[in-house]
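Participant: My structure is stored as my_file-v9.cif, with mmCIF, C-alpha atoms.
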data_input
#
loop_
_atom_site.label_atom_id
_atom_site.label_comp_id
_atom_site.auth_asym_id
_atom_site.auth_seq_id
_atom_site.Cartn_x
_atom_site.Cartn_y
_atom_site.Cartn_z
CA MET A 2 -1.97 -31.61 -2.80
CA ALA A 3 -1.56 -29.34 -5.82
CA GLN A 4 -0.46 -25.74 -6.06
CA GLN A 5 -3.35 -23.30 -6.04
CA ASP A 6 -3.62 -21.58 -9.43
CA VAL A 7 -3.92 -17.80 -9.64
CA LEU A 8 -5.06 -15.91 -12.74
CA LEU A 9 -3.97 -12.26 -13.03
CA ILE A 10 -5.94 -10.07 -15.47
CA HIS A 11 -4.47 -6.69 -16.42
CA GLY A 12 -6.32 -3.53 -17.40
CA THR A 13 -6.63 -0.98 -20.22
CA TRP A 14 -3.62 -0.44 -22.51
CA GLY A 15 -1.87 -3.17 -20.55
CA HIS A 16 -0.29 -6.58 -20.85
CA GLY A 17 0.63 -9.51 -18.64
CA ALA A 18 4.14 -8.29 -17.83
CA GLU A 19 2.65 -5.47 -15.75
CA TRP A 20 2.10 -8.13 -13.08
CA ASP A 21 5.75 -9.30 -12.97
CA ASP A 22 6.56 -7.99 -9.48
CA PHE A 23 3.12 -8.91 -8.13
CA ALA A 24 3.34 -12.40 -9.64
CA ALA A 25 6.79 -12.95 -8.14
CA GLU A 26 5.42 -12.16 -4.67
CA LEU A 27 2.56 -14.63 -5.10
CA GLU A 28 4.98 -17.29 -6.32
CA THR A 29 7.07 -16.89 -3.17
CA ARG A 30 3.86 -17.67 -1.27
CA GLY A 31 3.56 -20.94 -3.17
CA TYR A 32 0.91 -20.09 -5.75
CA ARG A 33 1.08 -21.11 -9.43
CA VAL A 34 0.62 -17.84 -11.28
CA HIS A 35 -0.74 -17.19 -14.78
CA ALA A 36 -0.55 -13.63 -16.14
CA PRO A 37 -1.64 -13.62 -19.79
CA SER A 38 -2.01 -10.59 -22.02
CA TRP A 39 -5.44 -9.97 -23.50
CA LEU A 40 -5.85 -10.92 -27.15
CA GLY A 41 -3.99 -8.43 -29.33
CA HIS A 42 -2.13 -6.91 -26.38
CA GLY A 43 1.47 -7.21 -25.30
CA HIS A 44 4.63 -5.51 -24.13
CA PRO A 45 6.01 -3.04 -26.71
CA LYS A 46 9.22 -5.08 -26.84
CA GLU A 47 7.25 -8.19 -27.82
CA ILE A 48 4.69 -7.03 -30.40
CA ASP A 49 4.06 -4.19 -32.82
CA ILE A 50 1.46 -2.57 -30.59
CA TRP A 51 0.72 0.29 -32.96
CA GLY A 52 0.68 -1.83 -36.11
CA THR A 53 -1.92 -4.13 -34.55
CA ALA A 54 -4.16 -1.32 -33.28
CA GLU A 55 -6.76 -1.81 -36.02
CA GLU A 56 -6.95 -5.51 -35.24
CA VAL A 57 -7.26 -4.92 -31.50
CA THR A 58 -10.23 -2.64 -31.92
CA LYS A 59 -12.17 -5.42 -33.69
CA LEU A 60 -12.17 -7.27 -30.37
CA GLY A 61 -14.86 -6.91 -27.73
CA LEU A 62 -15.14 -7.76 -24.06
CA LEU A 63 -16.48 -11.24 -24.78
CA ASP A 64 -13.49 -12.05 -26.99
CA TYR A 65 -11.25 -11.37 -24.00
CA VAL A 66 -13.55 -13.29 -21.66
CA ASN A 67 -13.73 -16.34 -23.93
CA ALA A 68 -9.94 -16.56 -24.15
CA LEU A 69 -9.52 -16.17 -20.40
CA CYS A 70 -12.17 -18.82 -19.71
CA GLU A 71 -10.36 -21.19 -22.05
CA LEU A 72 -7.11 -20.61 -20.17
CA ALA A 73 -8.80 -21.12 -16.79
CA GLY A 74 -10.12 -24.44 -18.04
CA THR A 75 -6.57 -25.73 -18.50
CA MET A 76 -5.56 -25.08 -14.88
CA ASP A 77 -5.14 -27.85 -12.32
CA THR A 78 -7.26 -26.09 -9.70
CA PRO A 79 -10.15 -23.61 -9.82
CA PRO A 80 -8.18 -20.37 -9.79
CA VAL A 81 -8.17 -17.36 -7.54
CA ILE A 82 -8.85 -14.64 -10.12
CA PHE A 83 -7.29 -11.19 -9.71
CA GLY A 84 -8.43 -8.34 -11.93
CA HIS A 85 -7.15 -4.77 -12.09
CA SER A 86 -9.24 -1.93 -13.54
CA VAL A 87 -11.08 -3.25 -16.63
CA GLY A 88 -9.41 -6.53 -15.71
CA GLY A 89 -11.61 -6.40 -12.59
CA LEU A 90 -14.70 -6.38 -14.80
CA LEU A 91 -13.28 -9.23 -16.90
CA ALA A 92 -12.47 -11.19 -13.73
CA GLN A 93 -16.14 -11.10 -12.72
CA LEU A 94 -17.34 -12.06 -16.20
CA VAL A 95 -14.93 -15.00 -16.18
CA ALA A 96 -15.83 -16.07 -12.64
CA ALA A 97 -19.52 -16.18 -13.58
CA ARG A 98 -18.65 -18.83 -16.18
CA VAL A 99 -15.89 -21.01 -14.73
CA PRO A 100 -15.19 -22.77 -11.40
CA HIS A 101 -13.06 -20.53 -9.20
CA ARG A 102 -11.81 -20.35 -5.61
CA GLY A 103 -12.28 -16.62 -5.21
CA ILE A 104 -11.89 -13.26 -6.92
CA VAL A 105 -9.82 -10.22 -5.99
CA LEU A 106 -10.95 -6.99 -7.66
CA LEU A 107 -8.37 -4.20 -7.60
CA ALA A 108 -9.94 -0.84 -8.49
CA PRO A 109 -12.40 -2.59 -10.82
CA ALA A 110 -14.05 -0.85 -13.76
CA PRO A 111 -17.85 -0.73 -13.55
CA ALA A 112 -20.12 -3.53 -14.69
CA ALA A 113 -23.32 -2.64 -16.53
CA GLY A 114 -25.62 -0.60 -14.33
CA ILE A 115 -23.00 0.85 -11.99
CA PHE A 116 -22.81 4.66 -12.05
CA ALA A 117 -19.48 5.89 -13.44
CA LEU A 118 -19.91 9.59 -14.31
CA TYR A 119 -17.69 10.97 -11.56
CA PRO A 120 -15.89 14.25 -12.42
CA SER A 121 -12.33 12.92 -12.56
CA GLN A 122 -13.41 9.92 -14.61
CA VAL A 123 -15.26 12.11 -17.11
CA LEU A 124 -12.19 14.34 -17.44
CA LEU A 125 -9.94 11.31 -17.97
CA TRP A 126 -12.10 9.34 -20.40
CA GLY A 127 -14.47 11.86 -22.02
CA GLY A 128 -12.16 12.63 -24.91
CA PHE A 129 -12.45 9.06 -26.12
CA LEU A 130 -16.18 9.32 -26.76
CA PRO A 131 -15.88 9.56 -30.58
CA ARG A 132 -13.60 6.52 -30.65
CA TRP A 133 -16.07 4.51 -28.57
CA VAL A 134 -18.97 5.46 -30.81
CA LEU A 135 -17.04 4.66 -33.99
CA GLY A 136 -15.25 1.61 -32.57
CA ARG A 137 -11.82 3.07 -33.30
CA PRO A 138 -8.52 2.24 -31.56
CA MET A 139 -7.86 3.95 -28.24
CA TYR A 140 -4.32 5.19 -27.83
CA PRO A 141 -2.98 6.10 -24.37
CA VAL A 142 -3.88 9.49 -22.94
CA LYS A 143 -1.30 12.25 -22.93
CA LYS A 144 1.38 11.83 -20.30
CA ALA A 145 0.23 14.89 -18.33
CA THR A 146 -3.28 13.44 -18.15
CA TRP A 147 -1.90 10.08 -17.06
CA ASP A 148 0.12 11.71 -14.28
CA LYS A 149 -2.91 13.68 -13.07
CA TYR A 150 -5.57 10.97 -13.12
CA VAL A 151 -3.88 7.55 -13.14
CA GLY A 152 -0.42 7.67 -11.55
CA ASN A 153 -1.24 10.70 -9.42
CA ALA A 154 0.21 9.28 -6.17
CA MET A 155 2.97 7.18 -7.76
CA PRO A 156 6.65 8.24 -7.73
CA GLN A 157 7.32 9.93 -11.07
CA GLN A 158 9.89 7.40 -12.25
CA LEU A 159 7.52 4.48 -11.71
CA SER A 160 4.64 6.30 -13.36
CA ASP A 161 6.90 7.02 -16.35
CA GLU A 162 7.92 3.37 -16.61
CA PHE A 163 4.33 2.17 -16.46
CA TYR A 164 3.25 4.69 -19.09
CA GLY A 165 6.14 3.83 -21.40
CA ASN A 166 4.98 0.23 -21.72
CA LEU A 167 1.34 0.84 -22.70
CA CYS A 168 -0.26 -0.41 -25.91
CA ALA A 169 -3.33 0.36 -28.04
CA GLU A 170 -6.82 -0.50 -26.80
CA SER A 171 -10.16 -1.46 -28.31
CA GLY A 172 -12.72 1.29 -28.65
CA ARG A 173 -15.33 -1.39 -29.31
CA ALA A 174 -14.69 -3.02 -25.92
CA TYR A 175 -15.09 0.34 -24.20
CA ARG A 176 -18.28 1.05 -26.14
CA GLU A 177 -19.72 -2.20 -24.78
CA MET A 178 -18.79 -1.14 -21.26
CA VAL A 179 -19.76 2.53 -21.36
CA PHE A 180 -22.90 2.22 -23.48
CA TRP A 181 -24.02 -1.02 -21.89
CA MET A 182 -27.67 -0.05 -22.13
CA PHE A 183 -27.50 -0.25 -25.94
CA ASP A 184 -25.42 -3.43 -26.18
CA ARG A 185 -27.50 -6.35 -27.41
CA LYS A 186 -24.78 -8.82 -26.40
CA ARG A 187 -24.93 -7.57 -22.81
CA ALA A 188 -21.15 -7.96 -22.78
CA SER A 189 -20.51 -6.02 -19.57
CA ARG A 190 -23.43 -7.40 -17.56
CA VAL A 191 -22.22 -9.46 -14.59
CA ASP A 192 -24.43 -12.20 -13.16
CA PHE A 193 -23.31 -11.70 -9.57
CA ASP A 194 -25.30 -14.68 -8.31
CA LYS A 195 -23.22 -17.02 -10.46
CA ILE A 196 -20.00 -15.91 -8.77
CA THR A 197 -19.82 -18.47 -5.98
CA GLY A 198 -16.30 -17.91 -4.67
CA ASP A 199 -15.17 -15.49 -1.98
CA VAL A 200 -14.80 -11.87 -3.07
CA LEU A 201 -12.30 -9.17 -2.07
CA VAL A 202 -12.69 -5.65 -3.47
CA VAL A 203 -9.86 -3.12 -3.04
CA ALA A 204 -10.04 0.63 -3.74
CA GLY A 205 -7.41 3.35 -3.54
CA SER A 206 -8.36 6.44 -1.55
CA GLU A 207 -6.63 8.69 -4.13
CA ASP A 208 -7.77 6.80 -7.22
CA LYS A 209 -9.15 9.23 -9.80
CA CYS A 210 -9.49 6.64 -12.55
CA CYS A 211 -11.82 4.26 -10.68
CA VAL A 212 -12.94 6.32 -7.71
CA PRO A 213 -13.57 4.61 -4.34
CA THR A 214 -17.30 5.35 -4.38
CA MET A 215 -17.68 3.46 -7.66
CA VAL A 216 -15.50 0.60 -6.48
CA LYS A 217 -17.54 0.27 -3.31
CA ALA A 218 -20.68 0.10 -5.48
CA THR A 219 -19.22 -3.02 -7.07
CA ALA A 220 -18.73 -4.59 -3.64
CA LYS A 221 -22.33 -3.78 -2.72
CA ARG A 222 -23.59 -5.79 -5.70
CA TYR A 223 -22.53 -8.92 -3.81
CA ARG A 224 -25.06 -8.15 -1.04
CA GLY A 225 -22.78 -8.77 1.91
CA ARG A 226 -20.68 -11.51 0.30
CA ALA A 227 -17.74 -9.23 -0.58
CA ASP A 228 -15.04 -7.83 1.68
CA TYR A 229 -14.24 -4.19 0.85
CA VAL A 230 -10.95 -2.45 1.65
CA GLU A 231 -9.83 1.10 0.87
CA LEU A 232 -6.07 1.69 0.81
CA PRO A 233 -5.04 5.10 2.22
CA GLY A 234 -2.93 7.11 -0.21
CA SER A 235 -3.16 4.68 -3.13
CA ASP A 236 -3.87 5.77 -6.69
CA HIS A 237 -4.97 3.49 -9.53
CA LEU A 238 -1.59 1.80 -10.05
CA MET A 239 -1.81 -0.42 -6.98
CA ILE A 240 -0.48 -3.55 -8.70
CA GLY A 241 3.07 -2.21 -8.50
CA GLY A 242 5.26 0.32 -6.77
CA PRO A 243 4.74 1.55 -3.20
CA PHE A 244 1.10 0.40 -2.95
CA MET A 245 1.67 -3.22 -3.94
CA PRO A 246 2.78 -4.41 -0.46
CA ALA A 247 -0.45 -3.10 1.06
CA VAL A 248 -2.51 -4.91 -1.58
CA LEU A 249 -0.66 -8.14 -0.93
CA ALA A 250 -1.06 -7.74 2.82
CA GLU A 251 -4.82 -7.34 2.39
CA PHE A 252 -4.89 -10.41 0.16
CA ASP A 253 -2.90 -12.42 2.71
CA ARG A 254 -5.33 -11.49 5.49
CA TRP A 255 -8.38 -12.20 3.36
CA ALA A 256 -7.01 -15.50 2.06
CA HIS A 257 -6.22 -16.64 5.61
CA THR A 258 -9.71 -15.70 6.80
CA LYS A 259 -11.35 -17.52 3.89
CA GLY A 260 -9.16 -20.60 4.16
CA ILE A 261 -7.50 -20.00 0.80
CA SER A 262 -4.12 -21.68 0.71
CA SER A 263 -1.33 -21.89 -1.86
CA GLN A 264 -1.95 -25.64 -1.74
CA SER A 265 -5.27 -27.02 -2.97
CA VAL A 266 -6.30 -30.20 -1.20
CA GLY A 267 -7.50 -33.00 -3.44
CA ALA A 268 -6.98 -31.11 -6.68
#
Hey, can you dump this file as structure tokens for me?
Facilitator:
Amino acid sequence: MAQQDVLLIHGTWGHGAEWDDFAAELETRGYRVHAPSWLGHGHPKEIDIWGTAEEVTKLGLLDYVNALCELAGTMDTPPVIFGHSVGGLLAQLVAARVPHRGIVLLAPAPAAGIFALYPSQVLLWGGFLPRWVLGRPMYPVKKATWDKYVGNAMPQQLSDEFYGNLCAESGRAYREMVFWMFDRKRASRVDFDKITGDVLVVAGSEDKCCVPTMVKATAKRYRGRADYVELPGSDHLMIGGPFMPAVLAEFDRWAHTKGISSQSVGA
């Protein structure tokens, strides 16, 4: 028997270290955890996140997907793939291409064709429109905007810590996601039928960044194959802080129901 691999995929402006507490909990359950940063991303203490902003914005969704697929191919077992926010979209794009045991989508960003023009999301992201069109770097929103639309239910200290560790993002990648109808590469189009593993989709009832209605629309794309859960009181930052135990509890229940173990037989 081999340890079951788990791949954790972070979201916008993020890096792999955002998963540290979450990864530690999974490791205590016996899983082998991988939490990479996307290409060009990293913790501010590790890389010059502002100096590399121009390089990051040359990258698109498929650059991230290709790197994550390559990593998944080195694992001993088909992984359980977690994705948070845009990482939830990447998790689906990866799962459509590589063997996997299941996917866990935490407040996932929308795949091509899923309606996303909800008021709070327009207010949060609308100011980036010129950067998406021009393919320019996306720097984090102002702190007041972050507190209102992203960490809106998080204790202030934890929201501050999360915000303080953000990095620059690719406007090109967002253009591919937002203007999917004009993207010849079809970068954000998910082939849901190719995702063969079990699916868990988790929304936060107070999430203004990826609102529950949109998240539920992702679950519906699996035509009855996905389990959908909405966490009372949770905002978008459910991978850490006070909402993380509830996410892990939902994963534990789902994994038990689906027969997903920290040990993979015959791997």
Participant: Quick one, how far is atom CA of A:Ser206 from atom CA of A:Asp236?
Facilitator: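 Calculated distance between atom CA of A:Ser206 and atom CA of A:Asp236 is 6.9 Å.
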Participant: Excluding A:Cys210 and any residue of its chain fewer than 6 positions from it, enumerate the residues within 10 Å of it, using only C-alpha atoms, and give them as a JSON list (two decimals) with C-alpha atoms, in the frame of the given file.
Facilitator:
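Saved as result17.json:
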[["chain", "number", "residue", "atom", "x", "y", "z"],
["A", 86, "SER", "CA", -9.24, -1.93, -13.54],
["A", 108, "ALA", "CA", -9.94, -0.84, -8.49],
["A", 109, "PRO", "CA", -12.40, -2.59, -10.82],
["A", 110, "ALA", "CA", -14.05, -0.85, -13.76],
["A", 119, "TYR", "CA", -17.69, 10.97, -11.56],
["A", 120, "PRO", "CA", -15.89, 14.25, -12.42],
["A", 121, "SER", "CA", -12.33, 12.92, -12.56],
["A", 122, "GLN", "CA", -13.41, 9.92, -14.61],
["A", 123, "VAL", "CA", -15.26, 12.11, -17.11],
["A", 124, "LEU", "CA", -12.19, 14.34, -17.44],
["A", 125, "LEU", "CA", -9.94, 11.31, -17.97],
["A", 126, "TRP", "CA", -12.10, 9.34, -20.40],
["A", 147, "TRP", "CA", -1.90, 10.08, -17.06],
["A", 149, "LYS", "CA", -2.91, 13.68, -13.07],
["A", 150, "TYR", "CA", -5.57, 10.97, -13.12],
["A", 151, "VAL", "CA", -3.88, 7.55, -13.14],
["A", 152, "GLY", "CA", -0.42, 7.67, -11.55],
["A", 153, "ASN", "CA", -1.24, 10.70, -9.42],
["A", 236, "ASP", "CA", -3.87, 5.77, -6.69],
["A", 237, "HIS", "CA", -4.97, 3.49, -9.53],
["A", 238, "LEU", "CA", -1.59, 1.80, -10.05]]
Participant: For stretch 111-116 of chain A, find every residue with an atom within 10 Å (counting all atoms listed in the file), except residues of its own chain fewer than 5 positions away, and show them as a short mmCIF file (atom, residue, chain, number, x, y, z; two decimals) with C-alpha atoms, in the coordinates of the input.
Facilitator:
data_model
loop_
_atom_site.label_atom_id
_atom_site.label_comp_id
_atom_site.auth_asym_id
_atom_site.auth_seq_id
_atom_site.Cartn_x
_atom_site.Cartn_y
_atom_site.Cartn_z
CA SER A 86 -9.24 -1.93 -13.54
CA VAL A 87 -11.08 -3.25 -16.63
CA GLY A 89 -11.61 -6.40 -12.59
CA LEU A 90 -14.70 -6.38 -14.80
CA LEU A 91 -13.28 -9.23 -16.90
CA GLN A 93 -16.14 -11.10 -12.72
CA LEU A 94 -17.34 -12.06 -16.20
CA GLU A 177 -19.72 -2.20 -24.78
CA MET A 178 -18.79 -1.14 -21.26
CA VAL A 179 -19.76 2.53 -21.36
CA PHE A 180 -22.90 2.22 -23.48
CA TRP A 181 -24.02 -1.02 -21.89
CA MET A 182 -27.67 -0.05 -22.13
CA ASP A 184 -25.42 -3.43 -26.18
CA ARG A 187 -24.93 -7.57 -22.81
CA ALA A 188 -21.15 -7.96 -22.78
CA SER A 189 -20.51 -6.02 -19.57
CA ARG A 190 -23.43 -7.40 -17.56
CA VAL A 191 -22.22 -9.46 -14.59
CA ASP A 192 -24.43 -12.20 -13.16
CA CYS A 211 -11.82 4.26 -10.68
CA THR A 214 -17.30 5.35 -4.38
CA MET A 215 -17.68 3.46 -7.66
CA VAL A 216 -15.50 0.60 -6.48
CA ALA A 218 -20.68 0.10 -5.48
CA THR A 219 -19.22 -3.02 -7.07
CA ARG A 222 -23.59 -5.79 -5.70
#
Participant: Interatomic distance between atom CA of A:Arg176 and atom CA of A:Arg137?
Facilitator: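 A separation of 9.9 Å between them.
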Participant: Here is a test: counting all atoms listed in the file, which residue of A:Gly136, A:Cys168, A:Thr75, A:Ala3 is nearest to A:His44?
Facilitator: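 Nearest to A:His44: A:Cys168.
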Participant: List the spatial neighbours of A:Gly74 as a PyMOL selection string - criterion: any atom at most 12 Å away, all atoms listed in the file, same-chain residues fewer than 2 positions off excluded.
Facilitator: chain A and resi 6+8+67-72+76-80+95-96+98-101
Participant: For stretch 54-82 of chain A, which lacks atoms in the input, supply N, CA and C atoms and format the output as a compact mmCIF listing (two decimals), in the coordinates of the input.
Facilitator:
# COMPACT_ATOMS: atom_id res chain seq x y z
N ALA A 54 -3.07 -2.09 -33.91
CA ALA A 54 -4.16 -1.32 -33.28
C ALA A 54 -5.49 -1.56 -33.96
N GLU A 55 -5.50 -1.60 -35.30
CA GLU A 55 -6.76 -1.81 -36.02
C GLU A 55 -7.33 -3.19 -35.74
N GLU A 56 -6.47 -4.17 -35.55
CA GLU A 56 -6.95 -5.51 -35.24
C GLU A 56 -7.49 -5.58 -33.82
N VAL A 57 -6.82 -4.91 -32.90
CA VAL A 57 -7.26 -4.92 -31.50
C VAL A 57 -8.66 -4.35 -31.38
N THR A 58 -8.95 -3.30 -32.10
CA THR A 58 -10.23 -2.64 -31.92
C THR A 58 -11.39 -3.43 -32.53
N LYS A 59 -11.11 -4.52 -33.22
CA LYS A 59 -12.17 -5.42 -33.69
C LYS A 59 -12.63 -6.35 -32.57
N LEU A 60 -11.88 -6.37 -31.48
CA LEU A 60 -12.17 -7.27 -30.37
C LEU A 60 -13.10 -6.60 -29.36
N GLY A 61 -13.97 -7.40 -28.77
CA GLY A 61 -14.86 -6.91 -27.73
C GLY A 61 -14.59 -7.59 -26.41
N LEU A 62 -15.33 -7.20 -25.39
CA LEU A 62 -15.14 -7.76 -24.06
C LEU A 62 -15.28 -9.28 -24.06
N LEU A 63 -16.24 -9.80 -24.80
CA LEU A 63 -16.48 -11.24 -24.78
C LEU A 63 -15.36 -12.02 -25.46
N ASP A 64 -14.66 -11.39 -26.40
CA ASP A 64 -13.49 -12.05 -26.99
C ASP A 64 -12.42 -12.25 -25.92
N TYR A 65 -12.21 -11.25 -25.09
CA TYR A 65 -11.25 -11.37 -24.00
C TYR A 65 -11.73 -12.42 -22.98
N VAL A 66 -13.00 -12.36 -22.65
CA VAL A 66 -13.55 -13.29 -21.66
C VAL A 66 -13.44 -14.73 -22.14
N ASN A 67 -13.79 -14.98 -23.40
CA ASN A 67 -13.73 -16.34 -23.93
C ASN A 67 -12.32 -16.91 -23.86
N ALA A 68 -11.33 -16.09 -24.21
CA ALA A 68 -9.94 -16.56 -24.15
C ALA A 68 -9.50 -16.83 -22.72
N LEU A 69 -9.90 -15.98 -21.79
CA LEU A 69 -9.52 -16.17 -20.40
C LEU A 69 -10.22 -17.39 -19.80
N CYS A 70 -11.46 -17.63 -20.18
CA CYS A 70 -12.17 -18.82 -19.71
C CYS A 70 -11.49 -20.08 -20.23
N GLU A 71 -11.05 -20.04 -21.47
CA GLU A 71 -10.36 -21.19 -22.05
C GLU A 71 -9.08 -21.48 -21.28
N LEU A 72 -8.34 -20.44 -20.95
CA LEU A 72 -7.11 -20.61 -20.17
C LEU A 72 -7.42 -21.17 -18.79
N ALA A 73 -8.43 -20.64 -18.12
CA ALA A 73 -8.80 -21.12 -16.79
C ALA A 73 -9.16 -22.60 -16.82
N GLY A 74 -9.74 -23.04 -17.92
CA GLY A 74 -10.12 -24.44 -18.04
C GLY A 74 -8.96 -25.39 -18.13
N THR A 75 -7.76 -24.88 -18.42
CA THR A 75 -6.57 -25.73 -18.50
C THR A 75 -5.84 -25.86 -17.16
N MET A 76 -6.27 -25.11 -16.16
CA MET A 76 -5.56 -25.08 -14.88
C MET A 76 -5.89 -26.30 -14.03
N ASP A 77 -4.97 -26.66 -13.17
CA ASP A 77 -5.14 -27.85 -12.32
C ASP A 77 -6.16 -27.63 -11.22
N THR A 78 -6.32 -26.40 -10.78
CA THR A 78 -7.26 -26.09 -9.70
C THR A 78 -8.14 -24.92 -10.12
N PRO A 79 -9.35 -24.82 -9.58
CA PRO A 79 -10.15 -23.61 -9.82
C PRO A 79 -9.37 -22.40 -9.31
N PRO A 80 -9.10 -21.43 -10.17
CA PRO A 80 -8.18 -20.37 -9.79
C PRO A 80 -8.76 -19.32 -8.85
N VAL A 81 -7.86 -18.65 -8.15
CA VAL A 81 -8.17 -17.36 -7.54
C VAL A 81 -7.93 -16.35 -8.65
N ILE A 82 -8.94 -15.55 -8.98
CA ILE A 82 -8.85 -14.64 -10.12
C ILE A 82 -8.69 -13.21 -9.64
